$ cat model_28.tsv   # TSV, N, CA and C atoms
chain	number	residue	atom	x	y	z
A	1	MET	N	-69.68	-25.57	16.20
A	1	MET	CA	-68.74	-26.36	15.45
A	1	MET	C	-68.38	-25.67	14.13
A	2	ARG	N	-69.39	-25.02	13.57
A	2	ARG	CA	-69.15	-24.31	12.33
A	2	ARG	C	-68.20	-23.15	12.56
A	3	THR	N	-68.32	-22.49	13.67
A	3	THR	CA	-67.45	-21.37	14.00
A	3	THR	C	-66.01	-21.86	14.16
A	4	LEU	N	-65.85	-22.97	14.80
A	4	LEU	CA	-64.51	-23.54	14.99
A	4	LEU	C	-63.90	-23.91	13.64
A	5	ALA	N	-64.69	-24.46	12.75
A	5	ALA	CA	-64.20	-24.81	11.42
A	5	ALA	C	-63.83	-23.56	10.64
A	6	SER	N	-64.62	-22.49	10.80
A	6	SER	CA	-64.31	-21.23	10.12
A	6	SER	C	-63.02	-20.63	10.65
A	7	ILE	N	-62.85	-20.67	11.96
A	7	ILE	CA	-61.62	-20.13	12.57
A	7	ILE	C	-60.41	-20.93	12.11
A	8	VAL	N	-60.51	-22.23	12.08
A	8	VAL	CA	-59.41	-23.08	11.62
A	8	VAL	C	-59.10	-22.80	10.15
A	9	ALA	N	-60.13	-22.61	9.36
A	9	ALA	CA	-59.93	-22.32	7.93
A	9	ALA	C	-59.23	-20.97	7.75
A	10	VAL	N	-59.63	-19.96	8.52
A	10	VAL	CA	-59.02	-18.64	8.42
A	10	VAL	C	-57.56	-18.70	8.89
A	11	VAL	N	-57.29	-19.35	10.00
A	11	VAL	CA	-55.92	-19.47	10.52
A	11	VAL	C	-55.05	-20.24	9.53
A	12	PHE	N	-55.58	-21.31	8.99
A	12	PHE	CA	-54.82	-22.08	8.00
A	12	PHE	C	-54.52	-21.24	6.76
A	13	SER	N	-55.49	-20.46	6.31
A	13	SER	CA	-55.28	-19.59	5.15
A	13	SER	C	-54.21	-18.55	5.43
A	14	LEU	N	-54.25	-17.95	6.63
A	14	LEU	CA	-53.25	-16.96	6.99
A	14	LEU	C	-51.85	-17.58	7.08
A	15	VAL	N	-51.77	-18.75	7.65
A	15	VAL	CA	-50.48	-19.43	7.76
A	15	VAL	C	-49.94	-19.78	6.38
A	16	ALA	N	-50.81	-20.13	5.48
A	16	ALA	CA	-50.38	-20.48	4.13
A	16	ALA	C	-50.00	-19.24	3.32
A	17	VAL	N	-50.63	-18.11	3.54
A	17	VAL	CA	-50.42	-16.91	2.73
A	17	VAL	C	-49.25	-16.08	3.25
A	18	VAL	N	-49.06	-15.99	4.55
A	18	VAL	CA	-48.03	-15.12	5.13
A	18	VAL	C	-46.62	-15.46	4.63
A	19	PRO	N	-46.18	-16.72	4.58
A	19	PRO	CA	-44.83	-16.97	4.07
A	19	PRO	C	-44.64	-16.54	2.62
A	20	SER	N	-45.67	-16.74	1.78
A	20	SER	CA	-45.50	-16.35	0.38
A	20	SER	C	-45.48	-14.83	0.23
A	21	VAL	N	-46.23	-14.11	1.04
A	21	VAL	CA	-46.21	-12.65	0.99
A	21	VAL	C	-44.86	-12.16	1.53
A	22	HIS	N	-44.39	-12.77	2.58
A	22	HIS	CA	-43.12	-12.38	3.17
A	22	HIS	C	-41.96	-12.68	2.22
A	23	ALA	N	-42.07	-13.71	1.41
A	23	ALA	CA	-41.01	-14.09	0.48
A	23	ALA	C	-40.89	-13.09	-0.67
A	24	GLN	N	-41.89	-12.27	-0.88
A	24	GLN	CA	-41.85	-11.32	-1.98
A	24	GLN	C	-41.00	-10.09	-1.67
A	25	THR	N	-40.62	-9.92	-0.43
A	25	THR	CA	-39.77	-8.77	-0.11
A	25	THR	C	-38.38	-9.00	-0.70
A	26	SER	N	-37.77	-7.94	-1.13
A	26	SER	CA	-36.47	-8.02	-1.80
A	26	SER	C	-35.34	-8.10	-0.79
A	27	HIS	N	-34.47	-9.07	-0.98
A	27	HIS	CA	-33.29	-9.20	-0.14
A	27	HIS	C	-32.02	-8.86	-0.90
A	28	ALA	N	-32.16	-8.47	-2.13
A	28	ALA	CA	-30.99	-8.13	-2.95
A	28	ALA	C	-30.51	-6.73	-2.60
A	29	ALA	N	-29.24	-6.49	-2.91
A	29	ALA	CA	-28.68	-5.17	-2.69
A	29	ALA	C	-29.29	-4.19	-3.67
A	30	PRO	N	-29.40	-2.93	-3.27
A	30	PRO	CA	-29.94	-1.94	-4.21
A	30	PRO	C	-29.00	-1.75	-5.40
A	31	GLN	N	-29.56	-1.27	-6.49
A	31	GLN	CA	-28.79	-1.09	-7.72
A	31	GLN	C	-27.61	-0.15	-7.50
A	32	SER	N	-27.78	0.87	-6.68
A	32	SER	CA	-26.68	1.82	-6.44
A	32	SER	C	-25.49	1.13	-5.77
A	33	ALA	N	-25.76	0.19	-4.87
A	33	ALA	CA	-24.67	-0.55	-4.22
A	33	ALA	C	-23.96	-1.45	-5.21
A	34	LEU	N	-24.72	-2.07	-6.10
A	34	LEU	CA	-24.11	-2.92	-7.13
A	34	LEU	C	-23.26	-2.09	-8.08
A	35	ASP	N	-23.79	-0.93	-8.49
A	35	ASP	CA	-23.03	-0.04	-9.38
A	35	ASP	C	-21.74	0.44	-8.71
A	36	ALA	N	-21.83	0.76	-7.43
A	36	ALA	CA	-20.64	1.23	-6.69
A	36	ALA	C	-19.59	0.12	-6.60
A	37	ALA	N	-20.03	-1.11	-6.38
A	37	ALA	CA	-19.09	-2.23	-6.28
A	37	ALA	C	-18.40	-2.49	-7.62
A	38	VAL	N	-19.15	-2.42	-8.70
A	38	VAL	CA	-18.57	-2.63	-10.03
A	38	VAL	C	-17.59	-1.51	-10.35
A	39	SER	N	-17.97	-0.29	-10.03
A	39	SER	CA	-17.10	0.87	-10.29
A	39	SER	C	-15.81	0.77	-9.46
A	40	GLU	N	-15.93	0.35	-8.21
A	40	GLU	CA	-14.75	0.21	-7.35
A	40	GLU	C	-13.82	-0.87	-7.88
A	41	HIS	N	-14.39	-1.98	-8.34
A	41	HIS	CA	-13.57	-3.06	-8.89
A	41	HIS	C	-12.85	-2.60	-10.16
A	42	ALA	N	-13.55	-1.87	-11.01
A	42	ALA	CA	-12.94	-1.39	-12.26
A	42	ALA	C	-11.82	-0.40	-11.97
A	43	SER	N	-12.03	0.49	-11.02
A	43	SER	CA	-10.98	1.47	-10.70
A	43	SER	C	-9.80	0.79	-10.02
A	44	SER	N	-10.06	-0.22	-9.21
A	44	SER	CA	-8.98	-0.96	-8.57
A	44	SER	C	-8.14	-1.71	-9.60
A	45	THR	N	-8.80	-2.32	-10.56
A	45	THR	CA	-8.10	-3.03	-11.63
A	45	THR	C	-7.28	-2.07	-12.47
A	46	ALA	N	-7.85	-0.92	-12.78
A	46	ALA	CA	-7.11	0.09	-13.57
A	46	ALA	C	-5.91	0.60	-12.79
A	47	ALA	N	-6.06	0.81	-11.49
A	47	ALA	CA	-4.94	1.28	-10.67
A	47	ALA	C	-3.84	0.23	-10.59
A	48	ASP	N	-4.21	-1.04	-10.45
A	48	ASP	CA	-3.21	-2.11	-10.43
A	48	ASP	C	-2.46	-2.18	-11.75
A	49	ARG	N	-3.20	-2.08	-12.85
A	49	ARG	CA	-2.58	-2.14	-14.18
A	49	ARG	C	-1.62	-0.96	-14.37
A	50	GLU	N	-2.03	0.22	-13.92
A	50	GLU	CA	-1.19	1.42	-14.04
A	50	GLU	C	0.07	1.30	-13.19
A	51	THR	N	-0.03	0.68	-12.02
A	51	THR	CA	1.14	0.49	-11.15
A	51	THR	C	2.18	-0.39	-11.83
A	52	VAL	N	1.75	-1.49	-12.43
A	52	VAL	CA	2.69	-2.39	-13.10
A	52	VAL	C	3.31	-1.71	-14.32
A	53	LEU	N	2.49	-1.01	-15.09
A	53	LEU	CA	3.01	-0.32	-16.28
A	53	LEU	C	3.99	0.78	-15.89
A	54	ARG	N	3.70	1.49	-14.81
A	54	ARG	CA	4.61	2.55	-14.34
A	54	ARG	C	5.97	1.97	-13.96
A	55	LEU	N	5.96	0.81	-13.34
A	55	LEU	CA	7.23	0.17	-12.98
A	55	LEU	C	7.99	-0.25	-14.24
A	56	LEU	N	7.30	-0.78	-15.22
A	56	LEU	CA	7.96	-1.22	-16.45
A	56	LEU	C	8.53	-0.05	-17.25
A	57	GLU	N	8.04	1.15	-17.01
A	57	GLU	CA	8.54	2.33	-17.72
A	57	GLU	C	9.77	2.96	-17.07
A	58	ARG	N	10.13	2.50	-15.89
A	58	ARG	CA	11.31	3.06	-15.21
A	58	ARG	C	12.58	2.71	-15.99
A	59	PRO	N	13.49	3.65	-16.10
A	59	PRO	CA	14.73	3.40	-16.84
A	59	PRO	C	15.57	2.26	-16.25
A	60	ASP	N	15.62	2.16	-14.92
A	60	ASP	CA	16.42	1.09	-14.31
A	60	ASP	C	15.82	-0.28	-14.58
A	61	VAL	N	14.50	-0.36	-14.62
A	61	VAL	CA	13.84	-1.63	-14.95
A	61	VAL	C	14.09	-1.97	-16.41
A	62	GLN	N	14.04	-0.98	-17.27
A	62	GLN	CA	14.30	-1.21	-18.69
A	62	GLN	C	15.74	-1.67	-18.91
A	63	THR	N	16.66	-1.13	-18.11
A	63	THR	CA	18.06	-1.55	-18.22
A	63	THR	C	18.22	-3.01	-17.82
A	64	VAL	N	17.61	-3.38	-16.70
A	64	VAL	CA	17.70	-4.78	-16.24
A	64	VAL	C	17.05	-5.71	-17.26
A	65	ALA	N	15.90	-5.33	-17.78
A	65	ALA	CA	15.22	-6.16	-18.78
A	65	ALA	C	16.06	-6.27	-20.05
A	66	GLY	N	16.68	-5.17	-20.46
A	66	GLY	CA	17.53	-5.20	-21.65
A	66	GLY	C	18.74	-6.09	-21.46
A	67	ASP	N	19.34	-6.05	-20.26
A	67	ASP	CA	20.48	-6.91	-19.97
A	67	ASP	C	20.10	-8.38	-20.01
A	68	LEU	N	18.85	-8.68	-19.64
A	68	LEU	CA	18.38	-10.07	-19.64
A	68	LEU	C	17.79	-10.49	-20.97
A	69	GLY	N	17.64	-9.54	-21.89
A	69	GLY	CA	17.08	-9.86	-23.20
A	69	GLY	C	15.57	-10.03	-23.20
A	70	LEU	N	14.89	-9.42	-22.22
A	70	LEU	CA	13.43	-9.53	-22.15
A	70	LEU	C	12.78	-8.39	-22.92
A	71	ASP	N	11.71	-8.69	-23.62
A	71	ASP	CA	10.99	-7.71	-24.43
A	71	ASP	C	9.94	-7.01	-23.56
A	72	LEU	N	10.19	-5.75	-23.23
A	72	LEU	CA	9.25	-5.01	-22.39
A	72	LEU	C	7.96	-4.64	-23.12
A	73	ARG	N	8.02	-4.45	-24.42
A	73	ARG	CA	6.79	-4.14	-25.16
A	73	ARG	C	5.81	-5.31	-25.08
A	74	ARG	N	6.33	-6.49	-25.16
A	74	ARG	CA	5.46	-7.67	-25.05
A	74	ARG	C	4.89	-7.78	-23.63
A	75	ALA	N	5.73	-7.48	-22.64
A	75	ALA	CA	5.25	-7.51	-21.25
A	75	ALA	C	4.19	-6.45	-21.02
A	76	GLN	N	4.38	-5.25	-21.58
A	76	GLN	CA	3.40	-4.19	-21.41
A	76	GLN	C	2.08	-4.53	-22.08
A	77	SER	N	2.13	-5.15	-23.24
A	77	SER	CA	0.88	-5.53	-23.90
A	77	SER	C	0.21	-6.69	-23.14
A	78	ALA	N	1.00	-7.51	-22.47
A	78	ALA	CA	0.42	-8.61	-21.69
A	78	ALA	C	-0.32	-8.09	-20.47
A	79	ILE	N	0.13	-6.97	-19.93
A	79	ILE	CA	-0.53	-6.40	-18.75
A	79	ILE	C	-1.98	-6.05	-19.07
A	80	ALA	N	-2.25	-5.63	-20.28
A	80	ALA	CA	-3.62	-5.26	-20.67
A	80	ALA	C	-4.56	-6.46	-20.64
A	81	THR	N	-4.03	-7.66	-20.74
A	81	THR	CA	-4.88	-8.85	-20.76
A	81	THR	C	-5.09	-9.46	-19.39
A	82	LEU	N	-4.32	-9.02	-18.41
A	82	LEU	CA	-4.43	-9.60	-17.07
A	82	LEU	C	-5.58	-9.00	-16.29
A	83	ASP	N	-6.14	-9.80	-15.40
A	83	ASP	CA	-7.12	-9.30	-14.45
A	83	ASP	C	-7.18	-10.26	-13.26
A	84	GLY	N	-7.96	-9.92	-12.30
A	84	GLY	CA	-8.15	-10.79	-11.15
A	84	GLY	C	-6.93	-10.91	-10.27
A	85	GLN	N	-6.71	-12.11	-9.77
A	85	GLN	CA	-5.65	-12.36	-8.80
A	85	GLN	C	-4.26	-12.19	-9.40
A	86	GLN	N	-4.08	-12.57	-10.66
A	86	GLN	CA	-2.77	-12.41	-11.29
A	86	GLN	C	-2.36	-10.94	-11.32
A	87	LEU	N	-3.27	-10.08	-11.71
A	87	LEU	CA	-2.98	-8.66	-11.77
A	87	LEU	C	-2.74	-8.10	-10.38
A	88	SER	N	-3.51	-8.53	-9.41
A	88	SER	CA	-3.32	-8.06	-8.03
A	88	SER	C	-1.95	-8.46	-7.49
A	89	ASP	N	-1.54	-9.69	-7.77
A	89	ASP	CA	-0.23	-10.15	-7.32
A	89	ASP	C	0.90	-9.36	-7.97
A	90	LEU	N	0.79	-9.14	-9.27
A	90	LEU	CA	1.81	-8.37	-9.97
A	90	LEU	C	1.87	-6.93	-9.47
A	91	ALA	N	0.71	-6.34	-9.21
A	91	ALA	CA	0.67	-4.97	-8.71
A	91	ALA	C	1.29	-4.88	-7.32
A	92	ALA	N	1.06	-5.89	-6.49
A	92	ALA	CA	1.67	-5.89	-5.16
A	92	ALA	C	3.20	-5.97	-5.27
A	93	GLN	N	3.68	-6.81	-6.17
A	93	GLN	CA	5.14	-6.90	-6.38
A	93	GLN	C	5.68	-5.60	-6.96
A	94	ALA	N	4.93	-4.98	-7.85
A	94	ALA	CA	5.37	-3.72	-8.44
A	94	ALA	C	5.44	-2.62	-7.39
A	95	ARG	N	4.46	-2.57	-6.50
A	95	ARG	CA	4.48	-1.57	-5.42
A	95	ARG	C	5.68	-1.80	-4.51
A	96	GLN	N	5.95	-3.05	-4.21
A	96	GLN	CA	7.08	-3.39	-3.35
A	96	GLN	C	8.39	-2.95	-4.02
A	97	THR	N	8.50	-3.17	-5.30
A	97	THR	CA	9.70	-2.77	-6.03
A	97	THR	C	9.83	-1.26	-6.10
A	98	GLU	N	8.71	-0.56	-6.34
A	98	GLU	CA	8.74	0.89	-6.37
A	98	GLU	C	9.18	1.47	-5.03
A	99	GLN	N	8.72	0.88	-3.95
A	99	GLN	CA	9.12	1.35	-2.62
A	99	GLN	C	10.61	1.14	-2.40
A	100	ALA	N	11.12	0.03	-2.90
A	100	ALA	CA	12.55	-0.25	-2.73
A	100	ALA	C	13.40	0.72	-3.56
A	101	LEU	N	12.86	1.15	-4.69
A	101	LEU	CA	13.61	2.06	-5.56
A	101	LEU	C	13.33	3.53	-5.25
A	102	ALA	N	12.41	3.81	-4.37
A	102	ALA	CA	12.03	5.20	-4.07
A	102	ALA	C	13.17	5.91	-3.33
A	103	GLY	N	13.13	7.22	-3.41
A	103	GLY	CA	14.11	8.01	-2.68
A	103	GLY	C	15.38	8.27	-3.47
A	104	GLY	N	15.38	8.02	-4.74
A	104	GLY	CA	16.53	8.33	-5.57
A	104	GLY	C	17.71	7.41	-5.36
A	105	GLN	N	17.45	6.21	-4.98
A	105	GLN	CA	18.55	5.27	-4.81
A	105	GLN	C	19.19	5.02	-6.18
A	106	SER	N	20.49	5.17	-6.24
A	106	SER	CA	21.15	4.97	-7.52
A	106	SER	C	21.63	3.54	-7.68
A	107	ARG	N	21.69	2.81	-6.61
A	107	ARG	CA	22.15	1.42	-6.64
A	107	ARG	C	20.97	0.47	-6.49
A	108	ILE	N	20.86	-0.46	-7.39
A	108	ILE	CA	19.78	-1.44	-7.32
A	108	ILE	C	20.25	-2.59	-6.45
A	109	VAL	N	19.54	-2.85	-5.38
A	109	VAL	CA	19.91	-3.96	-4.52
A	109	VAL	C	19.48	-5.27	-5.16
A	110	ILE	N	20.12	-6.33	-4.76
A	110	ILE	CA	19.88	-7.63	-5.38
A	110	ILE	C	18.43	-8.07	-5.22
A	111	SER	N	17.83	-7.83	-4.05
A	111	SER	CA	16.45	-8.27	-3.86
A	111	SER	C	15.50	-7.55	-4.81
A	112	THR	N	15.74	-6.28	-5.07
A	112	THR	CA	14.90	-5.54	-6.00
A	112	THR	C	15.08	-6.07	-7.41
A	113	THR	N	16.29	-6.38	-7.76
A	113	THR	CA	16.57	-6.93	-9.09
A	113	THR	C	15.86	-8.28	-9.25
A	114	VAL	N	15.91	-9.08	-8.22
A	114	VAL	CA	15.24	-10.39	-8.26
A	114	VAL	C	13.73	-10.20	-8.42
A	115	ILE	N	13.17	-9.23	-7.72
A	115	ILE	CA	11.74	-8.97	-7.84
A	115	ILE	C	11.40	-8.54	-9.26
A	116	ILE	N	12.22	-7.66	-9.82
A	116	ILE	CA	11.97	-7.19	-11.18
A	116	ILE	C	12.05	-8.35	-12.17
A	117	ILE	N	13.06	-9.17	-12.02
A	117	ILE	CA	13.22	-10.32	-12.91
A	117	ILE	C	12.05	-11.28	-12.76
A	118	ALA	N	11.67	-11.55	-11.52
A	118	ALA	CA	10.55	-12.45	-11.28
A	118	ALA	C	9.26	-11.89	-11.88
A	119	LEU	N	9.08	-10.59	-11.74
A	119	LEU	CA	7.90	-9.94	-12.30
A	119	LEU	C	7.87	-10.07	-13.81
A	120	LEU	N	8.97	-9.79	-14.45
A	120	LEU	CA	9.03	-9.88	-15.91
A	120	LEU	C	8.86	-11.32	-16.40
A	121	VAL	N	9.51	-12.25	-15.73
A	121	VAL	CA	9.39	-13.66	-16.13
A	121	VAL	C	7.95	-14.14	-15.93
A	122	LEU	N	7.31	-13.72	-14.82
A	122	LEU	CA	5.93	-14.12	-14.57
A	122	LEU	C	5.01	-13.58	-15.65
A	123	ILE	N	5.22	-12.34	-16.05
A	123	ILE	CA	4.40	-11.76	-17.12
A	123	ILE	C	4.58	-12.55	-18.41
A	124	LEU	N	5.81	-12.86	-18.75
A	124	LEU	CA	6.06	-13.59	-19.99
A	124	LEU	C	5.51	-15.02	-19.94
A	125	ILE	N	5.56	-15.63	-18.79
A	125	ILE	CA	4.97	-16.98	-18.65
A	125	ILE	C	3.47	-16.92	-18.82
A	126	ILE	N	2.85	-15.91	-18.23
A	126	ILE	CA	1.39	-15.77	-18.35
A	126	ILE	C	1.01	-15.56	-19.80
A	127	VAL	N	1.79	-14.76	-20.51
A	127	VAL	CA	1.51	-14.51	-21.93
A	127	VAL	C	1.70	-15.81	-22.73
A	128	ALA	N	2.74	-16.56	-22.42
A	128	ALA	CA	3.00	-17.80	-23.16
A	128	ALA	C	1.91	-18.82	-22.92
A	129	VAL	N	1.37	-18.89	-21.71
A	129	VAL	CA	0.33	-19.86	-21.39
A	129	VAL	C	-0.97	-19.48	-22.06
A	130	ASP	N	-1.28	-18.19	-22.08
A	130	ASP	CA	-2.54	-17.74	-22.70
A	130	ASP	C	-2.38	-17.82	-24.19
$ encode --input "model_28.tsv" --output "structure tokens"
Amino acid sequence: MRTLASIVAVVFSLVAVVPSVHAQTSHAAPQSALDAAVSEHASSTAADRETVLRLLERPDVQTVAGDLGLDLRRAQSAIATLDGQQLSDLAAQARQTEQALAGGQSRIVISTTVIIIALLVLILIIVAVD
């Protein structure tokens, strides 16, 4: 009977100890993976910001903004404050506009003009809200 009690005590001890020992193993990502993810996000954000700024520096965009009375310097400074989804959306619109203007097109189509206007108005609204 004593042997049975000893065996039960040992089994109970093992059952109680094994989950706590197993819980000590690390399930987190290694530091190198975290650093890579942060670096990728920062470079993606910088690339998005550069795309929008590059579009705002185009002479045809400056002409359209000037005709509408929009201040591009204010829009450019507002780009520095954007991040996250707003910046991603603006960068996607800027890429779309750049593709439409690529190839030396001398005539601005109405859809491209509308995108440019929407982009500038969106930037100014974001600045006004913040």
$ closest_residue --input "model_28.tsv" --among "A:Ala92, A:Ala75, A:Ala65, A:Ala100" --to "Ile123 (chain A)" --atoms "all atoms listed in the file"
A:Ala75
$ residues_around --input "model_28.tsv" --residues "Ala47 (chain A)" --least-positions-apart "6" --cutoff "8 Å" --atoms "only N, CA and C atoms" --output "list in words"
His41, Leu53 and Ala91 of chain A
$ axis_aligned_box --input "model_28.tsv" --around "region 40-54 of chain A" --padding-each-side "4 Å" --output "lines of an AutoDock Vina configuration file"
center_x = -5.0
center_y = -0.3
center_z = -11.8
size_x = 29.9
size_y = 13.6
size_z = 16.9
$ atom_distance --input "model_28.tsv" --atom1 "CA of Thr51 (chain A)" --atom2 "atom N of Ser39 (chain A)"
19.2 Å
$ atom_distance --input "model_28.tsv" --atom1 "atom C of Val52 (chain A)" --atom2 "atom C of Asp71 (chain A)"
12.5 Å
$ closest_residue --input "model_28.tsv" --among "A:Ala78, A:Thr97, A:Ala102, A:Thr112" --to "Val127 (chain A)" --atoms "all atoms listed in the file"
A:Ala78
$ atom_distance --input "model_28.tsv" --atom1 "atom N of Arg58 (chain A)" --atom2 "CA of Leu87 (chain A)"
17.7 Å
$ closest_residue --input "model_28.tsv" --among "A:Ser77, A:Thr63, A:Thr3, A:Ser88" --to "Ile116 (chain A)" --atoms "only C-alpha atoms"
A:Thr63
